[in-house]
Amino acid sequence: MNSVGIANTYAATMQVQTSQALQSEMMKMAAQQDANLVALLQQGAENLQAAQAAPPEGLGTRVDVTA
């Protein structure tokens with residue numbers, strides 16, 4: 001193999017490695033974004049459940065019929 005062939009092979013190998021590293025990093029970033037979205041949705045669901053479970057004082061949980 002001549003030096004040009006070796007250089008071309010090396011360049012192609014480096015390009016593939018760089019491409020794989022970028023793809024891996026992009027997949028990690030996408031997974032982190034998905035995890036953040038899931039956490040946000042879970043927090044919203046918990047807040048909704050808490051709001052529905054116990055309404056604030058004075059919002060119709062008791063009716064004064066003494067009058």
# chains A, B, ... in the order shown; residues from 1 in each chain; ligands from 1
>>> select_by_dssp(residues="chain A", states="helix (DSSP H, G or I)", output="PyMOL selection string")
chain A and resi 3-53
>>> atom_distance(atom1="CA of Asn2 in chain A", atom2="CA of Gln20 in chain A")
27.3 Å
